[in-house]
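Asker: For reference, this is model13.csv, and it has CSV, C-alpha atoms.
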chain,number,residue,atom,x,y,z
A,1,MET,CA,0.0,0.0,0.0
A,2,ARG,CA,1.4,3.4,-0.9
A,3,THR,CA,2.3,5.9,1.8
A,4,TYR,CA,-0.5,8.4,0.9
A,5,GLU,CA,-3.1,5.6,1.0
A,6,VAL,CA,-1.8,4.5,4.5
A,7,ILE,CA,-2.0,8.1,5.7
A,8,GLU,CA,-5.6,8.5,4.4
A,9,ARG,CA,-6.6,5.3,6.2
A,10,ILE,CA,-5.1,6.5,9.5
A,11,ASP,CA,-6.7,9.9,9.1
A,12,ALA,CA,-10.1,8.3,8.6
A,13,PHE,CA,-9.5,6.2,11.7
A,14,CYS,CA,-8.6,9.2,13.8
A,15,ASP,CA,-11.9,10.8,12.8
A,16,ALA,CA,-14.0,7.6,13.3
A,17,VAL,CA,-12.8,6.5,16.7
A,18,PRO,CA,-14.0,9.5,18.7
A,19,ARG,CA,-17.4,9.4,17.1
A,20,ARG,CA,-18.2,6.2,19.1
A,21,ARG,CA,-18.2,8.1,22.4
A,22,ALA,CA,-18.3,11.8,21.6
A,23,ARG,CA,-20.5,14.3,19.7
A,24,ALA,CA,-18.8,15.7,16.6
A,25,ASP,CA,-19.3,19.5,16.5
A,26,GLU,CA,-18.1,21.2,13.4
A,27,HIS,CA,-16.5,24.7,13.6
A,28,GLY,CA,-15.6,25.8,10.1
A,29,PRO,CA,-12.7,23.6,8.9
A,30,LEU,CA,-12.3,21.9,12.3
A,31,VAL,CA,-14.4,19.3,14.2
A,32,LEU,CA,-14.5,19.2,18.0
A,33,PHE,CA,-15.3,15.9,19.7
A,34,VAL,CA,-17.3,16.6,22.8
A,35,PRO,CA,-17.5,13.8,25.4
A,36,THR,CA,-21.0,12.4,26.0
A,37,GLY,CA,-20.2,10.1,28.9
A,38,PRO,CA,-17.4,9.0,31.3
A,39,GLY,CA,-14.0,8.3,29.9
A,40,TRP,CA,-11.1,10.1,28.4
A,41,PRO,CA,-11.7,13.5,26.7
A,42,TYR,CA,-11.0,13.7,23.0
A,43,TYR,CA,-9.4,16.4,20.8
A,44,ALA,CA,-10.3,18.7,17.9
A,45,ARG,CA,-8.9,18.0,14.5
A,46,PRO,CA,-9.3,19.0,10.8
A,47,ARG,CA,-12.7,18.2,9.3
A,48,PRO,CA,-12.5,15.2,6.9
A,49,GLY,CA,-13.0,15.9,3.2
A,50,ALA,CA,-12.9,19.2,1.4
A,51,ARG,CA,-12.6,22.1,3.7
A,52,PRO,CA,-11.3,25.7,3.8
A,53,ARG,CA,-7.7,26.4,4.8
A,54,ILE,CA,-7.3,26.3,8.6
A,55,THR,CA,-6.4,29.7,10.2
A,56,ALA,CA,-5.4,30.8,13.7
A,57,ALA,CA,-8.9,32.4,14.0
A,58,ASP,CA,-10.5,29.0,13.5
A,59,ILE,CA,-8.4,27.5,16.2
A,60,ARG,CA,-9.1,30.3,18.6
A,61,VAL,CA,-12.9,29.7,18.1
A,62,VAL,CA,-12.5,26.0,19.0
A,63,ARG,CA,-10.2,26.8,22.0
A,64,ALA,CA,-12.9,29.2,23.4
A,65,ARG,CA,-15.5,26.4,23.0
A,66,GLN,CA,-13.2,23.9,24.8
A,67,ARG,CA,-12.8,26.3,27.7
A,68,GLU,CA,-16.6,26.7,27.9
A,69,LEU,CA,-17.0,23.0,28.0
A,70,ILE,CA,-14.1,22.6,30.5
A,71,ILE,CA,-12.3,20.1,28.3
A,72,PRO,CA,-8.6,20.1,27.3
A,73,GLU,CA,-7.6,22.6,24.7
A,74,SER,CA,-6.1,19.8,22.6
A,75,PHE,CA,-5.7,19.5,18.8
A,76,GLU,CA,-4.4,16.4,16.9
A,77,TRP,CA,-3.8,15.9,13.2
A,78,ILE,CA,-1.5,14.3,10.7
A,79,GLU,CA,0.9,16.8,9.2
A,80,ARG,CA,0.5,15.6,5.6
A,81,THR,CA,-3.3,16.0,5.7
A,82,ALA,CA,-3.3,19.6,7.0
A,83,PRO,CA,0.2,21.1,6.5
A,84,GLU,CA,-1.0,24.6,7.3
A,85,MET,CA,-2.3,23.8,10.7
A,86,ALA,CA,1.0,23.9,12.6
A,87,VAL,CA,1.6,27.5,11.8
A,88,ALA,CA,-2.0,28.4,12.5
A,89,ALA,CA,-1.9,26.6,15.9
A,90,ALA,CA,1.3,28.4,16.9
A,91,GLU,CA,-0.2,31.7,15.9
A,92,ALA,CA,-3.2,30.9,18.1
A,93,GLY,CA,-1.0,30.5,21.1
A,94,LEU,CA,-0.5,26.8,21.2
A,95,GLU,CA,2.6,24.7,21.6
A,96,VAL,CA,3.0,22.4,18.6
A,97,GLN,CA,4.8,19.1,19.0
A,98,PRO,CA,5.6,16.7,16.2
A,99,HIS,CA,5.8,12.9,16.8
A,100,PRO,CA,7.0,10.1,14.5
A,101,LEU,CA,4.0,8.4,13.0
A,102,MET,CA,4.9,4.7,12.5
A,103,VAL,CA,3.2,1.8,10.7
A,104,LEU,CA,3.9,-1.9,11.3
A,105,SER,CA,5.8,-3.3,8.3
A,106,ALA,CA,6.8,-6.7,9.6
A,107,ALA,CA,5.2,-9.3,11.8
A,108,PRO,CA,6.4,-8.6,15.4
A,109,ALA,CA,7.9,-11.3,17.6
A,110,VAL,CA,6.4,-11.4,21.0
A,111,PRO,CA,9.3,-11.9,23.5
A,112,ALA,CA,9.5,-15.3,25.1
A,113,ALA,CA,9.1,-15.6,28.9
A,114,SER,CA,12.8,-16.2,29.2
A,115,ALA,CA,13.5,-12.7,27.6
A,116,LEU,CA,11.5,-10.9,30.3
A,117,PRO,CA,12.7,-10.0,33.8
A,118,ALA,CA,12.4,-12.8,36.4
A,119,GLY,CA,8.9,-13.0,37.7
A,120,VAL,CA,7.3,-10.8,35.1
A,121,THR,CA,4.7,-11.9,32.6
A,122,VAL,CA,3.0,-10.1,29.7
A,123,ARG,CA,-0.6,-10.9,28.8
A,124,ALA,CA,-3.8,-9.5,27.5
A,125,VAL,CA,-6.2,-8.3,30.1
A,126,THR,CA,-9.8,-9.7,30.4
A,127,PRO,CA,-12.8,-7.4,31.1
A,128,GLU,CA,-13.3,-8.9,34.5
A,129,ASP,CA,-9.7,-8.7,35.6
A,130,PRO,CA,-9.8,-7.8,39.4
A,131,GLU,CA,-6.7,-5.5,38.9
A,132,LEU,CA,-8.2,-3.4,36.2
A,133,ASP,CA,-8.2,-0.3,38.4
A,134,ARG,CA,-4.4,-0.7,39.1
A,135,ILE,CA,-3.7,-1.4,35.4
A,136,TRP,CA,-5.7,1.8,34.5
A,137,ALA,CA,-3.5,3.7,37.0
A,138,VAL,CA,-0.2,2.7,35.4
A,139,PRO,CA,-0.2,5.2,32.5
A,140,ALA,CA,-1.1,8.0,34.9
A,141,VAL,CA,2.1,7.3,36.8
A,142,ALA,CA,4.1,6.6,33.7
A,143,PHE,CA,3.1,9.9,32.0
A,144,GLY,CA,3.4,12.1,35.1
A,145,ASP,CA,-0.1,12.5,36.5
A,146,PRO,CA,-0.1,15.7,38.7
A,147,GLY,CA,0.6,14.8,42.2
A,148,THR,CA,2.5,11.6,41.2
A,149,ALA,CA,6.1,11.4,42.3
A,150,THR,CA,8.7,11.3,39.5
A,151,GLY,CA,12.0,9.5,39.1
A,152,GLU,CA,11.5,6.1,40.8
A,153,ALA,CA,7.7,6.3,41.1
A,154,GLY,CA,6.3,2.7,41.1
A,155,PRO,CA,3.7,0.5,42.7
A,156,VAL,CA,3.0,2.8,45.7
A,157,GLU,CA,2.1,5.7,43.5
A,158,ARG,CA,0.1,3.4,41.2
A,159,ASP,CA,-2.0,2.2,44.0
A,160,LYS,CA,-2.6,5.7,45.4
A,161,ILE,CA,-4.1,6.6,42.0
A,162,ALA,CA,-6.0,3.3,41.7
A,163,ALA,CA,-7.6,3.9,45.2
A,164,ASP,CA,-9.1,7.1,43.9
A,165,HIS,CA,-10.3,5.7,40.6
A,166,ASP,CA,-13.4,6.8,38.8
A,167,GLY,CA,-15.9,3.9,38.8
A,168,GLY,CA,-17.6,5.1,35.7
A,169,THR,CA,-14.3,5.1,33.8
A,170,ILE,CA,-13.4,1.6,34.9
A,171,GLU,CA,-16.8,0.3,33.9
A,172,MET,CA,-16.5,2.0,30.5
A,173,LEU,CA,-13.1,0.3,30.1
A,174,ARG,CA,-14.7,-3.1,30.9
A,175,GLU,CA,-17.4,-2.4,28.4
A,176,ARG,CA,-14.8,-1.5,25.7
A,177,LEU,CA,-13.0,-4.8,26.4
A,178,ARG,CA,-16.2,-6.8,26.3
A,179,SER,CA,-17.2,-5.3,23.0
A,180,GLY,CA,-13.8,-6.0,21.4
A,181,HIS,CA,-13.4,-2.3,20.5
A,182,SER,CA,-10.3,-2.2,22.7
A,183,VAL,CA,-7.6,-4.7,23.7
A,184,LEU,CA,-5.6,-4.0,26.8
A,185,ALA,CA,-2.3,-5.7,27.7
A,186,GLY,CA,-0.1,-5.4,30.8
A,187,ALA,CA,3.2,-6.6,32.2
A,188,PHE,CA,2.8,-8.0,35.7
A,189,GLY,CA,5.3,-8.7,38.5
A,190,PRO,CA,5.0,-9.8,42.1
A,191,ASP,CA,3.7,-6.3,43.0
A,192,GLY,CA,1.1,-6.2,40.3
A,193,PRO,CA,0.9,-4.3,37.0
A,194,LEU,CA,4.2,-2.6,36.0
A,195,ALA,CA,3.3,-1.5,32.4
A,196,ALA,CA,0.2,-1.3,30.3
A,197,GLY,CA,-0.9,-0.3,26.8
A,198,SER,CA,-4.0,-0.6,24.6
A,199,CYS,CA,-5.1,-1.1,21.0
A,200,GLN,CA,-8.3,-0.2,19.3
A,201,ALA,CA,-9.4,-1.1,15.7
A,202,VAL,CA,-11.9,0.3,13.2
A,203,ASP,CA,-12.4,-1.0,9.6
A,204,GLY,CA,-9.1,-2.8,9.4
A,205,VAL,CA,-7.0,-0.1,11.0
A,206,ALA,CA,-5.6,-0.4,14.6
A,207,GLU,CA,-3.8,2.1,16.8
A,208,ILE,CA,-1.6,1.2,19.7
A,209,THR,CA,-1.8,3.9,22.4
A,210,GLY,CA,-1.0,4.6,26.0
A,211,VAL,CA,2.0,2.3,26.3
A,212,GLY,CA,3.4,3.3,29.7
A,213,VAL,CA,5.8,1.7,32.2
A,214,LEU,CA,6.2,2.7,35.8
A,215,PRO,CA,9.4,4.7,36.2
A,216,SER,CA,10.8,2.1,38.7
A,217,SER,CA,10.4,-0.6,36.0
A,218,ARG,CA,11.8,1.1,32.9
A,219,ARG,CA,14.7,-0.1,30.7
A,220,GLN,CA,13.6,-3.8,31.0
A,221,GLY,CA,11.9,-4.1,27.7
A,222,LEU,CA,8.4,-4.1,29.1
A,223,GLY,CA,6.9,-1.4,26.9
A,224,ALA,CA,8.4,-3.1,23.8
A,225,ALA,CA,6.9,-6.5,24.9
A,226,ILE,CA,3.5,-5.0,25.3
A,227,THR,CA,3.6,-3.2,22.0
A,228,ALA,CA,4.7,-6.4,20.2
A,229,LEU,CA,1.9,-8.4,21.9
A,230,LEU,CA,-0.8,-5.8,20.9
A,231,ALA,CA,0.5,-5.7,17.3
A,232,ARG,CA,0.5,-9.4,17.0
A,233,ASP,CA,-3.0,-9.6,18.4
A,234,ALA,CA,-4.2,-7.0,15.9
A,235,LEU,CA,-2.8,-8.9,13.0
A,236,ASP,CA,-4.4,-12.2,14.3
A,237,ARG,CA,-7.7,-10.4,14.3
A,238,GLY,CA,-7.4,-9.5,10.6
A,239,VAL,CA,-6.2,-5.9,10.9
A,240,ASP,CA,-4.0,-4.9,8.0
A,241,THR,CA,-2.8,-1.5,9.1
A,242,VAL,CA,-1.3,-1.2,12.7
A,243,PHE,CA,0.1,2.2,13.6
A,244,LEU,CA,1.3,4.3,16.6
A,245,SER,CA,2.8,7.6,17.4
A,246,ALA,CA,6.2,7.6,19.1
A,247,SER,CA,6.9,10.3,21.7
A,248,ASP,CA,10.3,11.1,20.2
A,249,ASN,CA,13.0,9.7,18.0
A,250,ALA,CA,14.6,7.6,20.7
A,251,VAL,CA,11.3,5.8,21.4
A,252,ALA,CA,10.8,5.5,17.6
A,253,ARG,CA,14.0,3.5,17.4
A,254,ILE,CA,12.6,1.0,19.9
A,255,TYR,CA,9.5,0.6,17.9
A,256,ALA,CA,11.6,0.2,14.7
A,257,ARG,CA,13.2,-2.9,16.3
A,258,ILE,CA,9.7,-4.4,16.8
A,259,GLY,CA,8.9,-3.9,13.1
A,260,PHE,CA,7.4,-0.4,12.8
A,261,ARG,CA,8.6,2.1,10.2
A,262,GLU,CA,8.1,5.9,10.2
A,263,THR,CA,5.6,6.9,7.6
A,264,GLY,CA,4.7,10.5,8.5
A,265,THR,CA,4.3,13.0,11.4
A,266,ALA,CA,1.6,13.1,14.0
A,267,MET,CA,1.0,16.6,15.3
A,268,ILE,CA,-0.3,17.6,18.7
A,269,ALA,CA,-1.0,21.2,19.7
A,270,GLU,CA,-1.9,22.2,23.3
A,271,PRO,CA,-1.3,25.2,25.6
A,272,SER,CA,2.2,25.4,26.9
A,273,ALA,CA,2.7,23.7,30.3
A,274,GLY,CA,4.2,27.0,31.6
The structure in this file should be written as structure tokens.
Answerer:
Amino acid sequence: MRTYEVIERIDAFCDAVPRRRARADEHGPLVLFVPTGPGWPYYARPRPGARPRITAADIRVVRARQRELIIPESFEWIERTAPEMAVAAAEAGLEVQPHPLMVLSAAPAVPAASALPAGVTVRAVTPEDPELDRIWAVPAVAFGDPGTATGEAGPVERDKIAADHDGGTIEMLRERLRSGHSVLAGAFGPDGPLAAGSCQAVDGVAEITGVGVLPSSRRQGLGAAITALLARDALDRGVDTVFLSASDNAVARIYARIGFRETGTAMIAEPSAG
């Protein structure tokens, strides 16, 4: 499949997935996905199909609406499908971050048990897993949830977040796993889940997202093992395009060893952390 065809399929996926659990409000050339129930908030992105050129004024309108709704001022898109949007987002006061967009190009090999740290297993998570709240908490620690310790944060910080979990979000996650819309995988040690990641598929396209490892358990190959398992599972379910966005070039090199190749640039624009 040619690169532009792959990009078009991924772009269609990024528009389709939020529509399952959000209302799509069009604002000129942009579409804002407004949550309609519990779960993670979505983003705004370029409207699919023919549209006017995106300007800073368009982005300011959507940012104002996001503030009214008290949802994150977040925009996501693929650089090739809206090359003008990065400049417009920056002019509208957002910080623009590029990320390597990678597509699976070779069947991944899931690491054998002997390749994992002693006492650690990697497996798919069932909807009724009793540790689902602690699995859900892993990415919050891994990606620096406010109030979470950094550096060597591990099981203690994970369990603090899990103890304060949102029951509606956990039940929504169980429902997504039951429906088959999402697949969740984790790495487990004697102290419970150490890493987690998920995959969701629509019309033969699947995205691997949220692969996070507790800081105290990093550099042991757990994130790569979860990514490989999720990619293999997607292929086994008949998906023919598996993609992900790497946080940076160093992480992209890890994914490349699994079998992913860079095919474009995923863009995210949000207010500066400062």
Asker: Have a look at A:Ala225, A:Thr263, A:Glu128, A:Pro190 and name the one nearest to Arg176 in chain A; count only C-alpha atoms.
Answerer: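 With only C-alpha atoms as the atom set, the closest residue is A:Glu128.
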Asker: Mind giving me the straight-line distance from CA of Leu116 in chain A to CA of Thr227 in chain A in Å, one decimal?
Answerer: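 Spanning CA of Leu116 in chain A to CA of Thr227 in chain A is a straight-line distance of 13.8 Å.
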Asker: Excluding Arg253 in chain A and its own-chain neighbours fewer than 4 positions away, which residues fall within 12 Å of it when counting all atoms listed in the file? Please give them as a list in words.
Answerer: Pro100, Leu101, Met102, Ala224, Ser245, Ala246, Ser247, Asp248, Asn249, Arg257, Ile258, Gly259, Phe260, Arg261 and Glu262 of chain A
Asker: Just the number, please: distance in Å from CA of Pro18 in chain A to CA of Thr241 in chain A, one decimal.
Answerer: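 For CA of Pro18 in chain A relative to CA of Thr241 in chain A, the distance reads 18.4 Å.
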Asker: Considering all atoms listed in the file, state which residue in the set A:Arg80, A:Arg232, A:Arg2, A:His27 is at the smallest distance from Ala57 in chain A.
Answerer: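 The closest residue to Ala57 in chain A is A:His27.
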Asker: Taking (-19.0, 18.0, 19.6) in the coordinates of the supplied file, I want to know which residues reach to within 9 Å of it, counting only C-alpha atoms; could you give the answer as a VMD selection string?
Answerer: chain A and resid 22 to 26 31 to 36 44
Asker: Would you mind listing what lies within 8 Å of Ala82 in chain A as a ChimeraX atom specification, with all atoms listed in the file counted and same-chain residues fewer than 4 positions away left out?
Answerer: /A:46,54,77-78
Asker: Have a look at CA of Pro130 in chain A and CA of Gly168 in chain A and let me know their distance in Å, one decimal.
Answerer: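 Interatomic distance here is 15.5 Å.
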Asker: Give as a list in words the set of residues within 8 Å of the point (-2.3, -6.2, 21.8), where distances use the file's coordinates and all atoms listed in the file.
Answerer: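 Every residue inside that radius is included here: Ala124, Val183, Leu184, Ala185, Gly197, Ser198, Cys199, Ile208, Ile226, Thr227, Ala228, Leu229, Leu230, Ala231, Arg232, Asp233 and Ala234 of chain A.
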Asker: What's around Ala115 in chain A at 10 Å? Count all atoms listed in the file, leave out sequence neighbours fewer than 5 positions away in its own chain, and write the answer as a JSON list (two decimals) with C-alpha atoms, keeping the file's coordinate frame.
Answerer:
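Contents of result.json, freshly written:
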[["chain", "number", "residue", "atom", "x", "y", "z"],
["A", 110, "VAL", "CA", 6.40, -11.40, 21.00],
["A", 120, "VAL", "CA", 7.30, -10.80, 35.10],
["A", 220, "GLN", "CA", 13.60, -3.80, 31.00],
["A", 221, "GLY", "CA", 11.90, -4.10, 27.70],
["A", 225, "ALA", "CA", 6.90, -6.50, 24.90]]
Asker: Tell me which of A:Leu104, A:Ala137, A:Leu235, A:Ala273 sits closest to Thr169 in chain A, counting all atoms listed in the file.
Answerer: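 Using all atoms listed in the file, the shortest distance to Thr169 in chain A belongs to A:Ala137.
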Asker: For Glu171 in chain A, which residue out of A:Pro38, A:Asp240, A:Ala107, A:Ala196 is the nearest one, using all atoms listed in the file?
Answerer: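 Smallest separation from Glu171 in chain A among the options: A:Pro38.
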Asker: With all atoms listed in the file as the atoms that count, which of A:Ala112, A:Ala269, A:Val87, A:Leu194 lies nearest to Arg134 in chain A?
Answerer: A:Leu194
Asker: Taking all atoms listed in the file into account, name the residue in A:Arg9, A:Arg47, A:Val17, A:Ser74 that is nearest to Gly204 in chain A.
Answerer: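 Among the listed residues, the smallest separation from Gly204 in chain A belongs to A:Arg9.
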Asker: Would you list the contacts of range 151-158 of chain A as a list in words, taking every protein, DNA or RNA residue within 7 Å and counting all atoms listed in the file, but skipping same-chain residues closer than 3 positions in sequence?
Answerer: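 Near neighbours after the sequence-gap exclusion: Arg134, Ala137, Val138, Val141, Thr148, Ile161, Ala162, Asp191, Leu214, Pro215 and Ser216 of chain A.
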Asker: Might you pull out every residue within 12 Å of Leu30 in chain A, with only C-alpha atoms counted and same-chain residues fewer than 5 positions away left off, and present them as a PyMOL selection string?
Answerer: chain A and resi 15+24-25+43-63+75-77+82+85+89
